[in-house]
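Undergrad: If it helps, the file is called entry_5.txt and holds compact mmCIF, C-alpha atoms (C1' of nucleotides):
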# COMPACT_ATOMS: atom_id res chain seq x y z
CA MET A 1 70.36 51.27 94.40
CA PRO A 2 71.86 53.43 91.64
CA ILE A 3 69.44 55.74 89.91
CA PRO A 4 68.37 54.03 86.65
CA PHE A 5 69.38 56.89 84.37
CA ARG A 6 70.50 56.12 80.89
CA SER A 7 74.28 56.35 81.00
CA LYS A 8 74.26 59.38 78.71
CA ASN A 9 72.11 61.38 81.08
CA ARG A 10 74.01 60.15 84.07
CA LEU A 11 77.36 61.34 82.73
CA GLU A 12 75.82 64.70 81.84
CA LEU A 13 74.32 64.92 85.33
CA ILE A 14 77.67 64.17 86.96
CA TYR A 15 79.38 66.80 84.85
CA LYS A 16 76.77 69.38 85.80
CA LYS A 17 77.06 68.60 89.50
CA LEU A 18 80.86 68.79 89.42
CA PHE A 19 80.94 71.99 87.40
CA ASP A 20 78.33 73.63 89.63
CA ALA A 21 80.35 72.66 92.69
CA PHE A 22 83.87 73.46 91.51
CA GLY A 23 83.61 75.72 88.46
CA PRO A 24 86.16 75.82 85.63
CA GLN A 25 89.50 74.17 86.43
CA HIS A 26 91.65 75.93 83.80
CA TRP A 27 93.56 72.82 82.75
CA TRP A 28 96.20 71.80 81.76
CA PRO A 29 98.69 73.89 83.75
CA GLY A 30 101.49 74.60 81.24
CA ASP A 31 102.61 77.44 78.99
CA THR A 32 103.15 75.50 75.74
CA PRO A 33 102.00 72.23 74.12
CA PHE A 34 105.55 70.91 74.59
CA GLU A 35 105.47 71.68 78.30
CA VAL A 36 102.10 69.93 78.60
CA ALA A 37 103.49 66.82 76.90
CA VAL A 38 106.54 66.79 79.18
CA GLY A 39 104.25 67.24 82.20
CA ALA A 40 102.08 64.33 81.03
CA ILE A 41 105.07 62.00 81.24
CA LEU A 42 106.44 63.45 84.46
CA THR A 43 103.12 63.16 86.31
CA GLN A 44 102.84 59.40 85.81
CA ASN A 45 101.86 58.03 89.23
CA THR A 46 103.17 61.22 90.81
CA ASN A 47 101.86 64.21 92.73
CA TRP A 48 101.62 67.27 90.48
CA GLY A 49 103.49 69.46 92.98
CA ASN A 50 106.59 67.33 92.45
CA VAL A 51 106.20 67.65 88.69
CA GLU A 52 106.14 71.45 89.01
CA LYS A 53 109.52 71.34 90.75
CA ALA A 54 110.98 69.26 87.93
CA ILE A 55 109.55 71.57 85.28
CA ARG A 56 110.94 74.57 87.15
CA ASN A 57 114.39 72.96 87.02
CA LEU A 58 114.07 72.46 83.26
CA LYS A 59 113.00 76.07 82.78
CA GLU A 60 115.89 77.38 84.87
CA GLU A 61 118.24 75.46 82.58
CA LYS A 62 116.33 76.88 79.59
CA ALA A 63 115.94 73.24 78.60
CA LEU A 64 112.18 73.02 78.19
CA ASN A 65 112.33 72.64 74.41
CA ALA A 66 112.74 69.71 72.05
CA GLU A 67 116.11 70.74 70.63
CA LYS A 68 117.88 71.12 73.98
CA LEU A 69 116.36 68.02 75.55
CA HIS A 70 117.11 65.98 72.44
CA LYS A 71 120.79 66.85 72.74
CA MET A 72 120.98 66.53 76.54
CA HIS A 73 122.45 63.35 78.01
CA VAL A 74 119.91 61.18 79.77
CA THR A 75 121.80 61.31 83.08
CA GLU A 76 121.77 65.10 83.08
CA LEU A 77 118.05 65.04 82.33
CA SER A 78 117.34 62.59 85.13
CA GLY A 79 119.16 64.89 87.54
CA LEU A 80 116.98 67.83 86.54
CA ILE A 81 113.70 65.94 86.88
CA ARG A 82 114.68 64.23 90.12
CA PRO A 83 111.90 65.83 92.23
CA ALA A 84 109.25 64.19 90.03
CA GLY A 85 110.27 60.72 91.23
CA TYR A 86 111.08 57.66 89.08
CA PHE A 87 113.58 60.02 87.52
CA ASN A 88 115.70 57.42 85.72
CA ILE A 89 112.70 55.82 84.06
CA LYS A 90 111.08 59.15 83.24
CA ALA A 91 114.27 60.56 81.75
CA THR A 92 114.37 57.61 79.33
CA ARG A 93 110.68 58.04 78.56
CA LEU A 94 111.11 61.74 77.88
CA LYS A 95 114.01 60.99 75.56
CA SER A 96 111.87 58.44 73.72
CA PHE A 97 109.03 60.90 73.22
CA ILE A 98 111.31 63.73 72.16
CA GLY A 99 113.20 61.47 69.76
CA PHE A 100 109.87 60.61 68.15
CA LEU A 101 108.86 64.27 68.04
CA VAL A 102 112.16 65.30 66.42
CA ASN A 103 112.33 62.44 63.94
CA HIS A 104 108.72 62.58 62.77
CA TYR A 105 107.73 66.22 63.17
CA GLY A 106 110.99 68.13 63.24
CA GLY A 107 110.53 68.72 66.97
CA SER A 108 107.32 70.67 66.35
CA MET A 109 104.17 70.00 68.37
CA GLU A 110 102.32 72.16 65.85
CA ARG A 111 103.31 69.81 63.05
CA MET A 112 102.34 66.81 65.18
CA LYS A 113 98.95 68.41 65.66
CA HIS A 114 98.17 68.05 61.95
CA GLU A 115 98.51 64.27 62.08
CA ASP A 116 95.34 62.17 61.87
CA ILE A 117 94.10 61.61 65.42
CA ASP A 118 93.76 57.81 65.32
CA ILE A 119 97.07 57.32 63.56
CA LEU A 120 98.81 59.65 66.00
CA ARG A 121 97.34 57.85 69.01
CA LYS A 122 98.69 54.54 67.70
CA LYS A 123 102.10 56.09 67.10
CA LEU A 124 102.19 57.59 70.60
CA LEU A 125 101.24 54.26 72.16
CA ALA A 126 104.13 52.61 70.30
CA ILE A 127 106.61 54.88 72.11
CA HIS A 128 108.29 53.19 75.08
CA GLY A 129 106.86 54.69 78.27
CA ILE A 130 103.72 56.18 76.73
CA GLY A 131 100.58 54.31 77.74
CA PRO A 132 96.94 55.17 77.09
CA GLU A 133 96.57 57.87 79.74
CA THR A 134 99.75 59.67 78.78
CA ALA A 135 98.95 59.43 75.06
CA ASP A 136 95.44 60.77 75.59
CA SER A 137 96.65 63.57 77.88
CA ILE A 138 98.98 64.70 75.10
CA LEU A 139 96.22 64.44 72.49
CA LEU A 140 93.66 66.35 74.55
CA TYR A 141 95.63 68.82 76.61
CA ALA A 142 98.63 69.51 74.39
CA LEU A 143 96.96 69.20 70.97
CA GLY A 144 93.29 69.96 71.65
CA LYS A 145 92.02 66.69 70.19
CA PRO A 146 88.59 65.35 71.33
CA VAL A 147 89.89 62.37 73.33
CA PHE A 148 88.70 61.66 76.87
CA VAL A 149 91.45 60.95 79.39
CA ILE A 150 90.83 58.10 81.84
CA ASP A 151 92.90 58.22 85.00
CA ALA A 152 92.87 56.66 88.47
CA TYR A 153 90.41 59.28 89.76
CA THR A 154 88.00 58.79 86.87
CA LYS A 155 87.98 55.04 87.45
CA ARG A 156 87.55 55.47 91.18
CA VAL A 157 84.64 57.90 90.95
CA LEU A 158 82.77 55.88 88.32
CA SER A 159 83.28 52.58 90.13
CA ARG A 160 82.24 54.04 93.50
CA HIS A 161 78.99 55.09 91.90
CA HIS A 162 78.48 51.69 90.25
CA ILE A 163 78.67 53.13 86.76
CA LYS A 164 81.51 50.90 85.66
CA ASP A 165 83.63 48.17 87.18
CA HIS A 166 86.94 49.53 88.42
CA ASP A 167 88.95 46.84 86.64
CA ALA A 168 87.26 47.29 83.25
CA PRO A 169 89.74 48.02 80.44
CA TYR A 170 90.84 51.60 79.76
CA GLU A 171 89.18 51.68 76.36
CA THR A 172 85.76 50.69 77.71
CA PHE A 173 85.87 53.57 80.20
CA GLN A 174 86.83 55.87 77.35
CA GLU A 175 84.07 54.56 75.06
CA LEU A 176 81.54 55.38 77.75
CA PHE A 177 82.43 59.07 77.42
CA HIS A 178 82.95 59.07 73.66
CA ASN A 179 79.56 57.41 73.08
CA SER A 180 77.64 59.47 75.63
CA LEU A 181 78.97 62.99 75.15
CA LYS A 182 79.66 65.31 72.26
CA ARG A 183 83.19 64.88 70.86
CA ASN A 184 84.19 68.26 72.22
CA PRO A 185 87.74 68.83 73.47
CA ARG A 186 86.74 71.73 75.72
CA LEU A 187 84.11 69.58 77.43
CA TYR A 188 86.54 66.66 77.81
CA ASN A 189 89.20 68.99 79.17
CA GLU A 190 86.93 70.42 81.82
CA TYR A 191 85.26 67.13 82.70
CA HIS A 192 88.48 65.20 83.31
CA ALA A 193 89.94 68.06 85.32
CA LEU A 194 86.78 68.02 87.45
CA PHE A 195 87.22 64.28 88.08
CA VAL A 196 90.71 64.98 89.38
CA ARG A 197 89.37 67.79 91.53
CA VAL A 198 86.59 65.72 93.13
CA GLY A 199 88.97 62.79 93.43
CA LYS A 200 91.58 64.80 95.29
CA THR A 201 89.01 66.43 97.53
CA PHE A 202 86.63 63.57 98.35
CA CYS A 203 87.08 60.32 96.42
CA ARG A 204 90.45 59.21 97.71
CA GLN A 205 91.44 55.61 98.37
CA ARG A 206 90.01 56.21 101.82
CA PRO A 207 86.98 58.24 100.77
CA ARG A 208 85.79 61.35 102.58
CA CYS A 209 82.34 61.48 101.08
CA GLY A 210 80.89 64.10 103.40
CA GLY A 211 80.10 67.19 101.34
CA CYS A 212 80.90 65.53 98.02
CA PRO A 213 78.73 67.00 95.24
CA LEU A 214 78.19 63.45 93.93
CA SER A 215 76.98 62.00 97.25
CA SER A 216 73.34 62.45 96.16
CA LEU A 217 73.72 60.34 93.01
C1' DG B 2 106.51 56.36 109.89
C1' DA B 3 102.82 55.02 106.96
C1' DC B 4 100.15 56.55 103.30
C1' DC B 5 99.42 58.71 98.98
C1' DA B 6 100.14 60.75 94.30
C1' DG B 7 96.90 62.99 87.26
C1' DG B 8 101.29 55.03 84.98
C1' DC B 9 103.88 51.94 82.60
C1' DA B 10 106.66 47.93 81.40
C1' DC B 11 107.99 43.57 82.49
C1' DA B 12 108.21 38.89 84.79
C1' DT B 13 105.75 35.06 86.11
C1' DC B 14 102.13 31.87 86.33
C1' DG C 24 94.93 36.78 80.12
C1' DA C 25 95.40 37.86 84.99
C1' DT C 26 98.28 39.15 88.70
C1' DG C 27 102.40 41.01 91.04
C1' DT C 28 106.41 44.02 91.18
C1' DG C 29 109.91 47.78 90.41
C1' DC C 30 110.43 52.41 89.74
C1' DA C 31 111.31 57.32 93.82
C1' DT C 32 110.38 61.90 95.37
C1' DG C 33 107.96 64.90 98.56
C1' DG C 34 103.62 66.37 101.06
C1' DT C 35 100.15 65.00 104.67
Once you've parsed the file, please lay out its structure as structure tokens.
TA:
Amino acid sequence: MPIPFRSKNRLELIYKKLFDAFGPQHWWPGDTPFEVAVGAILTQNTNWGNVEKAIRNLKEEKALNAEKLHKMHVTELSGLIRPAGYFNIKATRLKSFIGFLVNHYGGSMERMKHEDIDILRKKLLAIHGIGPETADSILLYALGKPVFVIDAYTKRVLSRHHIKDHDAPYETFQELFHNSLKRNPRLYNEYHALFVRVGKTFCRQRPRCGGCPLSSL
DNA sequence: GACCAGGCACATC
DNA sequence: GATGTGCATGGT
């Protein structure tokens, strides 16, 4: 039987256990807010190592900026991001995001950052190829907004521990964190990164629970 | 050679 | 509204 903690305490307990076990994760890997946003699109359903190869290609072309990518033809872009997989789809998605960034904020992530958080989230979700996880990754990791990112690992860990049904809607997972924890971007940053860490290490589709810091929950 | 990875849009029922 | 499918590379 799950321990009958109030959900607030349970989420705080999980965070403490993960942080004690793994320490700070130093997320998101990326030199600039623009690079983080590009990485958020490239990593959709894809191993991060492949994304790094694609980003390296963009850097070698000195193309990791809004102006250059906005001008670049989509087929050239898809060639550069090929290692990230789904390269045709992702090239179109990148172009959509960058078109939005250029048209609404003059290509400036800093200007985008000043937009109201709820309005910006709605605008991001209206972009073709940007769903809730990608939008929230941009808000949290590129712009430092207090928005919790729900991904496959987060869902898997919480459902394995009977905290929430795996197939519950994205927003209800997110509300669990927003209602239980301080709206603190640094906490959300670290916590989500720790979910990915424990997910990669132990809570895979075929779980390897031995040694997992959450096995005593 | 199968399985897996930091989703999303779209078709179909 | 729920369920299934296409998109693709590269590491284990």
Undergrad: Leaving out segment 199-206 of chain A and any residue of its chain fewer than 6 positions from it, which residues lie within 12 Å of it when counting only C-alpha atoms (C1' of nucleotides), given as an NGL selection string?
TA: (:A and (18 or 21-22 or 47-48 or 151-161 or 192-193 or 212-215)) or (:B and (4-7))
Undergrad: Between segment 54-142 of chain A and chain C, at 8 Å or less, what are the per-residue closest atom pairs and their distances in Å? Count only C-alpha atoms (C1' of nucleotides), order by chain and rising residue number, and return it as CSV.
TA:
residue,atom,partner,partner_atom,distance
A:Arg82,CA,C:DT32,C1',7.2
A:Pro83,CA,C:DT32,C1',5.3
A:Ala84,CA,C:DT32,C1',5.9
A:Gly85,CA,C:DT32,C1',4.3
A:Tyr86,CA,C:DA31,C1',4.8
A:Phe87,CA,C:DA31,C1',7.2
A:Ile89,CA,C:DC30,C1',7.0
Undergrad: Show me the residues around (103.9, 50.3, 84.5) - criterion: an atom at most 9 Å away, only C-alpha atoms (C1' of nucleotides) counted - as a ChimeraX atom specification.
TA: /A:129,131 /B:8-11 /C:29-30
Undergrad: Could you jot down the atom CA of His73 of chain A to atom C1' of DA12 of chain B separation for me, Å, one decimal place?
TA: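 Separation between atom CA of His73 of chain A and atom C1' of DA12 of chain B: 29.1 Å.
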Undergrad: Could you state the separation of atom CA of Ser78 of chain A and atom CA of Asn50 of chain A in Å, given to one decimal place?
TA: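 Between atom CA of Ser78 of chain A and atom CA of Asn50 of chain A the gap is 13.8 Å.
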Undergrad: Every residue with an atom at most 10 Å from (94.2, 64.7, 71.4) (file coordinates; all atoms listed in the file) is what I'm after, so could you write them as JSON, numbers by chain?
TA: {"A": [113, 116, 117, 118, 120, 121, 135, 136, 137, 138, 139, 140, 141, 142, 143, 144, 145, 146, 147, 148, 149, 185]}
